[in-house]
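Here's the structure, in structure tokens; my notes come after.
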Amino acid sequence: MSIKKYGKGARLIARRGVRLAPHCVLRVGTNGLLYLGTRTVVGPYTRIMAATEVRIGSRCMISWNCSIFDSIGHRMRLEGQDEAEIEAPITIGDDVWIGPYSIIMKGVTIGNNCIIGAGSVVRRDVPPNSLVYGNPARVAGKVDRWER
């Protein structure tokens with residue numbers, strides 16, 4: 001696994017029982033925060049980049065080859081528009097299962113007890129107790145509960 005903290009004020013908080021698989025990559029930027037709640041599991045080859053703030057709740061399962069980025073990493077301006085917002089915090093609630101090859105984009109909030117289907121690209125907020133999948137991810141049903 002690779003854990004890198006860049007610059008002054010970078011914080012990584014991992015609560016009791018967090019498990020990080022081999023080859024996962026965690027990066028925290030200057031004054032950034034990466035928070036991992038109790039008993040959360042991060043799978044192999046998953047990348048989490050916290051330029052500002054990424055909060056992941058308790059008992060979450062993040063599968064392999066997922067990407068969670070709170071920044072697009074560089075400034076951008078589209079013709080006829082103001083400069084795009086390049087960073088926005090990500091919040092992932094408790095008891096969330098993120099399937100393999102999923103991408104969670106900047107500014108997203110995922111509610112408690114959600115399932116994100118394999119290969120999903122999550123660009124908008126996900127309400128609690130939702131099953132979402134696709135590109136872009138869309139709500140496909142309600143989740144009563146899921147188990148590890």
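Every chain in the structure tokens has a letter given in the order shown (A, B, ...), and although residue numbers restart at 1 in each chain, ligands are simply numbered from 1 in the order shown.
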- prompt: Near range 45-60 of chain A, counting only C-alpha atoms, which residues have an atom at most 9 Å away, once you skip same-chain residues fewer than 2 positions from it, shown as a ChimeraX atom specification?
  reply: /A:1,10,15,18,21-43,62-71,73,87-98,100-101,112-113
message: So that I can see what lies close to Gly119 in chain A, please list as a list in words the residues with an atom at most 8 Å from it, counting only C-alpha atoms and leaving out residues fewer than 3 positions away in the same chain.
response: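 Everything that qualifies: Gly99, Pro100, Tyr101, Ser102, Ile103, Tyr133, Gly134 and Asn135 of chain A.
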message: If DSSP is run on the backbone, what residues of range 69-116 of chain A are strand (DSSP E)? A reply as a list in words would be ideal.
response: Phe69, Ile90, Thr91, Ile92, Trp97, Ile98, Ile103, Ile104, Thr109, Ile110, Ile115 and Ile116 of chain A
statement: Computed gap from CA of Val121 in chain A to CA of Ile104 in chain A is 6.2 Å
query: With distances taken over only C-alpha atoms, which of A:Met61, A:Lys8, A:Gly141, A:Val108 is nearest to Asn129 in chain A?
result: A:Gly141
